$ cat data_37.txt   # compact mmCIF, N, CA, C and O atoms
# COMPACT_ATOMS: atom_id res chain seq x y z
N THR U 17 -102.48 62.03 47.49
CA THR U 17 -102.01 60.69 47.21
C THR U 17 -101.84 60.51 45.71
O THR U 17 -102.31 61.31 44.92
N GLY U 18 -101.16 59.45 45.33
CA GLY U 18 -100.91 59.19 43.91
C GLY U 18 -99.56 59.72 43.49
O GLY U 18 -98.76 60.18 44.30
N THR U 19 -99.30 59.66 42.20
CA THR U 19 -98.00 60.09 41.69
C THR U 19 -97.88 61.60 41.72
O THR U 19 -98.87 62.32 41.60
N THR U 20 -96.69 62.07 41.90
CA THR U 20 -96.41 63.50 41.87
C THR U 20 -95.26 63.75 40.92
O THR U 20 -94.49 62.85 40.62
N GLY U 21 -95.11 64.95 40.47
CA GLY U 21 -94.03 65.29 39.55
C GLY U 21 -94.25 66.67 39.00
O GLY U 21 -95.11 67.42 39.47
N PRO U 22 -93.47 67.03 37.98
CA PRO U 22 -93.60 68.36 37.41
C PRO U 22 -94.95 68.59 36.75
O PRO U 22 -95.55 67.65 36.23
N THR U 23 -95.42 69.82 36.80
CA THR U 23 -96.66 70.18 36.13
C THR U 23 -96.44 71.49 35.39
O THR U 23 -95.50 72.21 35.65
N GLY U 24 -97.32 71.79 34.48
CA GLY U 24 -97.22 73.04 33.74
C GLY U 24 -96.39 72.92 32.49
O GLY U 24 -95.80 71.89 32.19
N THR U 25 -96.31 74.00 31.73
CA THR U 25 -95.58 74.03 30.47
C THR U 25 -94.08 73.96 30.73
O THR U 25 -93.56 74.61 31.62
N GLY U 26 -93.39 73.19 29.92
CA GLY U 26 -91.93 73.12 30.00
C GLY U 26 -91.39 72.23 31.09
O GLY U 26 -90.20 72.26 31.38
N ASN U 27 -92.22 71.43 31.70
CA ASN U 27 -91.76 70.55 32.77
C ASN U 27 -91.79 69.09 32.34
O ASN U 27 -92.30 68.23 33.04
N THR U 28 -91.23 68.80 31.18
CA THR U 28 -91.22 67.44 30.65
C THR U 28 -90.16 66.62 31.39
O THR U 28 -89.04 67.05 31.56
N VAL U 29 -90.54 65.44 31.82
CA VAL U 29 -89.59 64.53 32.47
C VAL U 29 -88.84 63.77 31.39
O VAL U 29 -89.44 63.21 30.48
N SER U 30 -87.52 63.75 31.49
CA SER U 30 -86.68 63.08 30.51
C SER U 30 -85.61 62.29 31.25
O SER U 30 -84.92 62.83 32.11
N TYR U 31 -85.48 61.01 30.92
CA TYR U 31 -84.50 60.18 31.62
C TYR U 31 -84.07 59.01 30.74
O TYR U 31 -84.72 58.69 29.74
N LEU U 32 -82.94 58.41 31.11
CA LEU U 32 -82.37 57.32 30.33
C LEU U 32 -81.61 56.39 31.26
O LEU U 32 -80.95 56.86 32.19
N TYR U 33 -81.70 55.09 31.03
CA TYR U 33 -80.89 54.11 31.75
C TYR U 33 -80.33 53.14 30.73
O TYR U 33 -81.08 52.44 30.05
N ALA U 34 -79.00 53.15 30.57
CA ALA U 34 -78.34 52.28 29.60
C ALA U 34 -77.18 51.57 30.28
O ALA U 34 -76.60 52.09 31.24
N TYR U 35 -76.82 50.40 29.77
CA TYR U 35 -75.71 49.67 30.36
C TYR U 35 -75.07 48.71 29.36
O TYR U 35 -75.60 48.47 28.27
N LYS U 36 -73.92 48.18 29.74
CA LYS U 36 -73.22 47.16 28.98
C LYS U 36 -72.74 46.11 29.96
O LYS U 36 -72.15 46.45 30.99
N THR U 37 -72.99 44.86 29.67
CA THR U 37 -72.66 43.81 30.62
C THR U 37 -71.46 42.97 30.21
O THR U 37 -70.97 42.18 31.02
N ASN U 38 -70.98 43.11 29.01
CA ASN U 38 -69.83 42.32 28.60
C ASN U 38 -68.55 43.17 28.62
O ASN U 38 -68.59 44.37 28.85
N THR U 39 -67.42 42.55 28.38
CA THR U 39 -66.11 43.20 28.47
C THR U 39 -65.88 44.15 27.29
O THR U 39 -66.23 43.85 26.15
N GLN U 40 -65.27 45.27 27.58
CA GLN U 40 -64.85 46.21 26.55
C GLN U 40 -63.37 46.47 26.74
O GLN U 40 -62.93 46.92 27.79
N LEU U 41 -62.58 46.17 25.72
CA LEU U 41 -61.14 46.35 25.81
C LEU U 41 -60.75 47.79 25.52
O LEU U 41 -61.36 48.45 24.68
N ILE U 42 -59.73 48.25 26.21
CA ILE U 42 -59.19 49.60 26.00
C ILE U 42 -57.98 49.48 25.10
O ILE U 42 -57.09 48.65 25.33
N ASN U 43 -57.91 50.31 24.07
CA ASN U 43 -56.82 50.26 23.10
C ASN U 43 -55.71 51.21 23.49
O ASN U 43 -55.81 52.41 23.27
N GLY U 44 -54.65 50.69 24.08
CA GLY U 44 -53.47 51.50 24.38
C GLY U 44 -53.59 52.28 25.68
O GLY U 44 -54.66 52.43 26.25
N THR U 45 -52.47 52.77 26.14
CA THR U 45 -52.42 53.59 27.34
C THR U 45 -52.44 55.06 26.97
O THR U 45 -52.08 55.43 25.85
N ASN U 46 -52.88 55.88 27.90
CA ASN U 46 -52.94 57.33 27.69
C ASN U 46 -53.68 57.70 26.41
O ASN U 46 -53.23 58.56 25.64
N SER U 47 -54.78 57.04 26.17
CA SER U 47 -55.57 57.33 24.98
C SER U 47 -57.05 57.39 25.35
O SER U 47 -57.46 56.86 26.37
N PHE U 48 -57.82 58.05 24.51
CA PHE U 48 -59.26 58.12 24.71
C PHE U 48 -59.92 56.97 23.96
O PHE U 48 -59.53 56.64 22.84
N ASN U 49 -60.91 56.38 24.57
CA ASN U 49 -61.65 55.28 23.96
C ASN U 49 -63.14 55.54 24.13
O ASN U 49 -63.58 55.96 25.20
N ASN U 50 -63.91 55.30 23.08
CA ASN U 50 -65.36 55.41 23.20
C ASN U 50 -65.88 54.27 24.07
O ASN U 50 -65.41 53.14 23.97
N ILE U 51 -66.81 54.59 24.92
CA ILE U 51 -67.47 53.58 25.73
C ILE U 51 -68.78 53.25 25.03
O ILE U 51 -69.55 54.15 24.68
N THR U 52 -69.01 51.98 24.78
CA THR U 52 -70.24 51.59 24.09
C THR U 52 -71.20 50.93 25.06
O THR U 52 -70.79 50.35 26.07
N PHE U 53 -72.47 51.04 24.76
CA PHE U 53 -73.53 50.45 25.56
C PHE U 53 -74.32 49.51 24.66
O PHE U 53 -74.63 49.84 23.52
N ASN U 54 -74.66 48.33 25.17
CA ASN U 54 -75.40 47.38 24.34
C ASN U 54 -76.88 47.29 24.70
O ASN U 54 -77.64 46.67 23.98
N THR U 55 -77.28 47.93 25.81
CA THR U 55 -78.68 47.84 26.22
C THR U 55 -79.19 49.19 26.71
O THR U 55 -78.54 49.83 27.54
N VAL U 56 -80.32 49.63 26.19
CA VAL U 56 -81.03 50.79 26.73
C VAL U 56 -82.28 50.22 27.39
O VAL U 56 -83.22 49.82 26.72
N ALA U 57 -82.25 50.17 28.72
CA ALA U 57 -83.36 49.56 29.45
C ALA U 57 -84.58 50.47 29.53
O ALA U 57 -85.71 50.03 29.43
N VAL U 58 -84.33 51.78 29.73
CA VAL U 58 -85.42 52.75 29.84
C VAL U 58 -84.99 54.01 29.10
O VAL U 58 -83.88 54.51 29.30
N ASN U 59 -85.85 54.53 28.25
CA ASN U 59 -85.55 55.75 27.51
C ASN U 59 -86.81 56.58 27.38
O ASN U 59 -87.79 56.17 26.76
N ASN U 60 -86.79 57.76 27.96
CA ASN U 60 -87.90 58.68 27.85
C ASN U 60 -87.35 60.05 27.46
O ASN U 60 -86.89 60.81 28.30
N GLY U 61 -87.32 60.33 26.17
CA GLY U 61 -86.93 61.65 25.71
C GLY U 61 -85.48 61.82 25.31
O GLY U 61 -84.96 62.93 25.32
N TRP U 62 -84.77 60.75 24.94
CA TRP U 62 -83.37 60.84 24.52
C TRP U 62 -83.20 60.22 23.14
O TRP U 62 -83.86 59.24 22.80
N SER U 63 -82.28 60.78 22.35
CA SER U 63 -81.89 60.19 21.07
C SER U 63 -80.59 59.43 21.28
O SER U 63 -79.77 59.81 22.13
N THR U 64 -80.39 58.37 20.52
CA THR U 64 -79.17 57.57 20.66
C THR U 64 -78.26 57.77 19.45
O THR U 64 -78.71 58.07 18.36
N ILE U 65 -76.97 57.58 19.69
CA ILE U 65 -75.96 57.67 18.64
C ILE U 65 -75.31 56.31 18.50
O ILE U 65 -74.91 55.71 19.50
N GLY U 66 -75.20 55.81 17.29
CA GLY U 66 -74.58 54.51 17.04
C GLY U 66 -75.62 53.46 16.69
O GLY U 66 -76.82 53.70 16.72
N ALA U 67 -75.10 52.28 16.38
CA ALA U 67 -75.96 51.17 15.98
C ALA U 67 -76.50 50.45 17.21
O ALA U 67 -75.87 50.46 18.27
N ALA U 68 -77.64 49.82 17.08
CA ALA U 68 -78.22 49.04 18.17
C ALA U 68 -77.20 48.00 18.63
O ALA U 68 -76.55 47.35 17.82
N GLY U 69 -77.03 47.89 19.93
CA GLY U 69 -76.06 46.96 20.50
C GLY U 69 -74.66 47.53 20.63
O GLY U 69 -73.80 46.94 21.24
N SER U 70 -74.44 48.71 20.05
CA SER U 70 -73.13 49.36 20.13
C SER U 70 -73.31 50.88 20.14
O SER U 70 -72.76 51.59 19.31
N LEU U 71 -74.07 51.36 21.09
CA LEU U 71 -74.37 52.79 21.18
C LEU U 71 -73.19 53.54 21.79
O LEU U 71 -72.61 53.11 22.77
N THR U 72 -72.86 54.69 21.21
CA THR U 72 -71.72 55.47 21.69
C THR U 72 -72.10 56.82 22.28
O THR U 72 -71.23 57.54 22.76
N GLY U 73 -73.38 57.18 22.24
CA GLY U 73 -73.76 58.46 22.80
C GLY U 73 -75.26 58.62 22.93
O GLY U 73 -76.04 57.87 22.33
N PHE U 74 -75.63 59.61 23.73
CA PHE U 74 -77.04 59.89 24.00
C PHE U 74 -77.23 61.40 24.02
O PHE U 74 -76.40 62.12 24.57
N ILE U 75 -78.33 61.88 23.46
CA ILE U 75 -78.62 63.30 23.39
C ILE U 75 -80.02 63.55 23.96
O ILE U 75 -80.99 62.96 23.48
N PRO U 76 -80.13 64.42 24.98
CA PRO U 76 -81.46 64.72 25.50
C PRO U 76 -82.24 65.56 24.50
O PRO U 76 -81.70 66.46 23.87
N ASN U 77 -83.51 65.25 24.32
CA ASN U 77 -84.36 66.01 23.40
C ASN U 77 -85.03 67.19 24.08
O ASN U 77 -85.72 67.97 23.43
N VAL U 78 -84.83 67.31 25.39
CA VAL U 78 -85.42 68.40 26.16
C VAL U 78 -84.29 69.17 26.83
O VAL U 78 -83.41 68.58 27.45
N THR U 79 -84.29 70.50 26.66
CA THR U 79 -83.28 71.33 27.31
C THR U 79 -83.46 71.28 28.81
O THR U 79 -84.58 71.35 29.32
N GLY U 80 -82.35 71.13 29.52
CA GLY U 80 -82.43 71.08 30.98
C GLY U 80 -81.08 70.74 31.58
O GLY U 80 -80.08 70.65 30.89
N VAL U 81 -81.07 70.53 32.87
CA VAL U 81 -79.88 70.10 33.59
C VAL U 81 -80.09 68.64 33.95
O VAL U 81 -81.12 68.27 34.51
N TYR U 82 -79.11 67.80 33.61
CA TYR U 82 -79.23 66.36 33.84
C TYR U 82 -78.09 65.88 34.72
O TYR U 82 -76.95 66.29 34.56
N GLN U 83 -78.40 65.01 35.66
CA GLN U 83 -77.37 64.35 36.44
C GLN U 83 -77.00 63.07 35.72
O GLN U 83 -77.87 62.27 35.37
N ILE U 84 -75.71 62.86 35.51
CA ILE U 84 -75.23 61.66 34.83
C ILE U 84 -74.37 60.88 35.80
O ILE U 84 -73.41 61.41 36.37
N ASP U 85 -74.70 59.62 36.03
CA ASP U 85 -73.93 58.72 36.88
C ASP U 85 -73.38 57.61 36.01
O ASP U 85 -74.11 57.00 35.23
N TYR U 86 -72.10 57.35 36.16
CA TYR U 86 -71.44 56.31 35.38
C TYR U 86 -70.60 55.46 36.32
O TYR U 86 -69.83 56.00 37.12
N GLU U 87 -70.77 54.16 36.25
CA GLU U 87 -70.00 53.25 37.10
C GLU U 87 -69.37 52.18 36.23
O GLU U 87 -70.00 51.67 35.31
N ALA U 88 -68.11 51.84 36.51
CA ALA U 88 -67.42 50.83 35.71
C ALA U 88 -66.48 50.03 36.59
O ALA U 88 -66.03 50.50 37.64
N LEU U 89 -66.19 48.83 36.15
CA LEU U 89 -65.18 47.98 36.77
C LEU U 89 -64.00 47.91 35.82
O LEU U 89 -64.18 47.77 34.62
N THR U 90 -62.80 48.01 36.36
CA THR U 90 -61.59 47.92 35.54
C THR U 90 -60.74 46.75 36.03
O THR U 90 -60.72 46.44 37.21
N LEU U 91 -60.06 46.10 35.11
CA LEU U 91 -59.19 44.99 35.44
C LEU U 91 -57.82 45.25 34.83
O LEU U 91 -57.69 45.45 33.63
N SER U 92 -56.80 45.28 35.69
CA SER U 92 -55.43 45.46 35.24
C SER U 92 -54.61 44.36 35.89
O SER U 92 -54.44 44.34 37.11
N GLY U 93 -54.14 43.42 35.07
CA GLY U 93 -53.48 42.25 35.64
C GLY U 93 -54.49 41.43 36.40
O GLY U 93 -55.51 41.02 35.86
N ASN U 94 -54.26 41.22 37.69
CA ASN U 94 -55.20 40.49 38.54
C ASN U 94 -55.94 41.41 39.49
O ASN U 94 -56.56 40.95 40.44
N THR U 95 -55.87 42.72 39.27
CA THR U 95 -56.49 43.69 40.17
C THR U 95 -57.78 44.22 39.57
O THR U 95 -57.77 44.82 38.49
N LEU U 96 -58.87 44.03 40.29
CA LEU U 96 -60.18 44.53 39.87
C LEU U 96 -60.49 45.78 40.66
O LEU U 96 -60.41 45.79 41.88
N SER U 97 -60.82 46.87 39.98
CA SER U 97 -61.15 48.14 40.63
C SER U 97 -62.49 48.63 40.13
O SER U 97 -62.90 48.35 39.01
N GLN U 98 -63.16 49.40 40.95
CA GLN U 98 -64.44 50.00 40.59
C GLN U 98 -64.31 51.51 40.70
O GLN U 98 -63.68 52.02 41.62
N PHE U 99 -64.88 52.23 39.73
CA PHE U 99 -64.90 53.69 39.83
C PHE U 99 -66.26 54.21 39.39
O PHE U 99 -67.01 53.54 38.71
N GLU U 100 -66.54 55.41 39.83
CA GLU U 100 -67.84 56.04 39.53
C GLU U 100 -67.60 57.49 39.17
O GLU U 100 -66.77 58.16 39.76
N ILE U 101 -68.34 57.96 38.17
CA ILE U 101 -68.27 59.36 37.74
C ILE U 101 -69.67 59.93 37.85
O ILE U 101 -70.64 59.30 37.40
N ARG U 102 -69.79 61.11 38.44
CA ARG U 102 -71.08 61.82 38.50
C ARG U 102 -70.85 63.22 37.99
O ARG U 102 -69.88 63.87 38.34
N CYS U 103 -71.76 63.69 37.16
CA CYS U 103 -71.63 65.06 36.65
C CYS U 103 -73.00 65.61 36.31
O CYS U 103 -73.99 64.89 36.26
N LEU U 104 -73.06 66.90 36.10
CA LEU U 104 -74.26 67.56 35.61
C LEU U 104 -74.04 67.94 34.17
O LEU U 104 -72.97 68.41 33.79
N TYR U 105 -75.03 67.72 33.35
CA TYR U 105 -74.94 68.02 31.92
C TYR U 105 -75.97 69.06 31.57
O TYR U 105 -77.10 68.98 31.97

$ encode --input "data_37.txt" --output "structure tokens"
Amino acid sequence: TGTTGPTGTGNTVSYLYAYKTNTQLINGTNSFNNITFNTVAVNNGWSTIGAAGSLTGFIPNVTGVYQIDYEALTLSGNTLSQFEIRCLY
């Protein structure tokens, strides 16, 4: 009973939960845009890139394989769409 998780050397748990709740405009079509985050709700073992309230990146401080889930809502005209990206880093 009780909590379970990794044990032994090299089994450090590292995780991050960040989000942005306000609108972010995209500049132009067929272009790359940085996605910014204004809130880091939970951070255990990650470094941030950018200023507080406008973070543009995250770097894990522990070598490993990470699952990254990203969800966003897009609005084009009057059409609202939702998409999700999942990857391993």

$ residues_near_point --input "data_37.txt" --point "(-76.7, 49.7, 26.4)" --cutoff "4.5 Å" --atoms "all atoms listed in the file" --output "list of chain:residue names"
U:Ala34, U:Tyr35, U:Phe53, U:Asn54, U:Thr55, U:Val56

$ closest_residue --input "data_37.txt" --among "U:Ser97, U:Asn49, U:Ser92, U:Thr28" --to "Gly61 in chain U" --atoms "only C-alpha atoms"
U:Thr28

$ atom_distance --input "data_37.txt" --atom1 "atom C of Asn50 in chain U" --atom2 "atom N of Thr72 in chain U"
7.6 Å

$ closest_residue --input "data_37.txt" --among "U:Asn46, U:Ile51, U:Cys103, U:Ala57" --to "Val81 in chain U" --atoms "only C-alpha atoms"
U:Cys103

$ atom_distance --input "data_37.txt" --atom1 "CA of Glu87 in chain U" --atom2 "CA of Leu32 in chain U"
14.7 Å

$ select_by_dssp --input "data_37.txt" --residues "chain U" --states "strand (DSSP E or B)" --output "PyMOL selection string"
chain U and resi 31-35+53+55-60+62-67+70-76+83-92+95-104

$ build_atoms --input "data_37.txt" --residues "range 47-58 of chain U" --atoms "all heavy atoms" --output "tab-separated table (two decimals), in the frame of the given file"
chain	number	residue	atom	x	y	z
U	47	SER	N	-54.78	57.04	26.17
U	47	SER	CA	-55.57	57.33	24.98
U	47	SER	C	-57.05	57.39	25.35
U	47	SER	O	-57.46	56.86	26.37
U	47	SER	CB	-55.35	56.26	23.90
U	47	SER	OG	-55.79	55.00	24.36
U	48	PHE	N	-57.82	58.05	24.51
U	48	PHE	CA	-59.26	58.12	24.71
U	48	PHE	C	-59.92	56.97	23.96
U	48	PHE	O	-59.53	56.64	22.84
U	48	PHE	CB	-59.81	59.45	24.21
U	48	PHE	CG	-59.40	60.62	25.05
U	48	PHE	CD1	-58.33	61.42	24.67
U	48	PHE	CD2	-60.06	60.91	26.23
U	48	PHE	CE1	-57.95	62.49	25.45
U	48	PHE	CE2	-59.67	61.98	27.03
U	48	PHE	CZ	-58.61	62.77	26.63
U	49	ASN	N	-60.91	56.38	24.57
U	49	ASN	CA	-61.65	55.28	23.96
U	49	ASN	C	-63.14	55.54	24.13
U	49	ASN	O	-63.58	55.96	25.20
U	49	ASN	CB	-61.31	53.96	24.63
U	49	ASN	CG	-59.89	53.51	24.36
U	49	ASN	OD1	-59.65	52.75	23.44
U	49	ASN	ND2	-58.95	54.00	25.14
U	50	ASN	N	-63.91	55.30	23.08
U	50	ASN	CA	-65.36	55.41	23.20
U	50	ASN	C	-65.88	54.27	24.07
U	50	ASN	O	-65.41	53.14	23.97
U	50	ASN	CB	-66.04	55.33	21.84
U	50	ASN	CG	-65.88	56.60	21.05
U	50	ASN	OD1	-65.70	57.66	21.60
U	50	ASN	ND2	-65.94	56.48	19.73
U	51	ILE	N	-66.81	54.59	24.92
U	51	ILE	CA	-67.47	53.58	25.73
U	51	ILE	C	-68.78	53.25	25.03
U	51	ILE	O	-69.55	54.15	24.68
U	51	ILE	CB	-67.75	54.11	27.15
U	51	ILE	CG1	-66.42	54.42	27.83
U	51	ILE	CG2	-68.56	53.12	27.94
U	51	ILE	CD1	-66.55	55.19	29.11
U	52	THR	N	-69.01	51.98	24.78
U	52	THR	CA	-70.24	51.59	24.09
U	52	THR	C	-71.20	50.93	25.06
U	52	THR	O	-70.79	50.35	26.07
U	52	THR	CB	-69.94	50.62	22.93
U	52	THR	OG1	-69.30	49.46	23.44
U	52	THR	CG2	-69.06	51.28	21.88
U	53	PHE	N	-72.47	51.04	24.76
U	53	PHE	CA	-73.53	50.45	25.56
U	53	PHE	C	-74.32	49.51	24.66
U	53	PHE	O	-74.63	49.84	23.52
U	53	PHE	CB	-74.47	51.54	26.10
U	53	PHE	CG	-73.78	52.51	27.03
U	53	PHE	CD1	-73.08	53.59	26.52
U	53	PHE	CD2	-73.83	52.33	28.39
U	53	PHE	CE1	-72.44	54.49	27.37
U	53	PHE	CE2	-73.20	53.21	29.25
U	53	PHE	CZ	-72.49	54.29	28.74
U	54	ASN	N	-74.66	48.33	25.17
U	54	ASN	CA	-75.40	47.38	24.34
U	54	ASN	C	-76.88	47.29	24.70
U	54	ASN	O	-77.64	46.67	23.98
U	54	ASN	CB	-74.75	45.99	24.36
U	54	ASN	CG	-74.72	45.36	25.74
U	54	ASN	OD1	-75.17	45.95	26.71
U	54	ASN	ND2	-74.16	44.18	25.83
U	55	THR	N	-77.28	47.93	25.81
U	55	THR	CA	-78.68	47.84	26.22
U	55	THR	C	-79.19	49.19	26.71
U	55	THR	O	-78.54	49.83	27.54
U	55	THR	CB	-78.85	46.81	27.37
U	55	THR	OG1	-78.35	45.56	26.92
U	55	THR	CG2	-80.30	46.67	27.77
U	56	VAL	N	-80.32	49.63	26.19
U	56	VAL	CA	-81.03	50.79	26.73
U	56	VAL	C	-82.28	50.22	27.39
U	56	VAL	O	-83.22	49.82	26.72
U	56	VAL	CB	-81.39	51.81	25.64
U	56	VAL	CG1	-82.22	52.94	26.22
U	56	VAL	CG2	-80.13	52.35	24.98
U	57	ALA	N	-82.25	50.17	28.72
U	57	ALA	CA	-83.36	49.56	29.45
U	57	ALA	C	-84.58	50.47	29.53
U	57	ALA	O	-85.71	50.03	29.43
U	57	ALA	CB	-82.90	49.17	30.85
U	58	VAL	N	-84.33	51.78	29.73
U	58	VAL	CA	-85.42	52.75	29.84
U	58	VAL	C	-84.99	54.01	29.10
U	58	VAL	O	-83.88	54.51	29.30
U	58	VAL	CB	-85.72	53.09	31.31
U	58	VAL	CG1	-86.82	54.12	31.41
U	58	VAL	CG2	-86.06	51.85	32.11
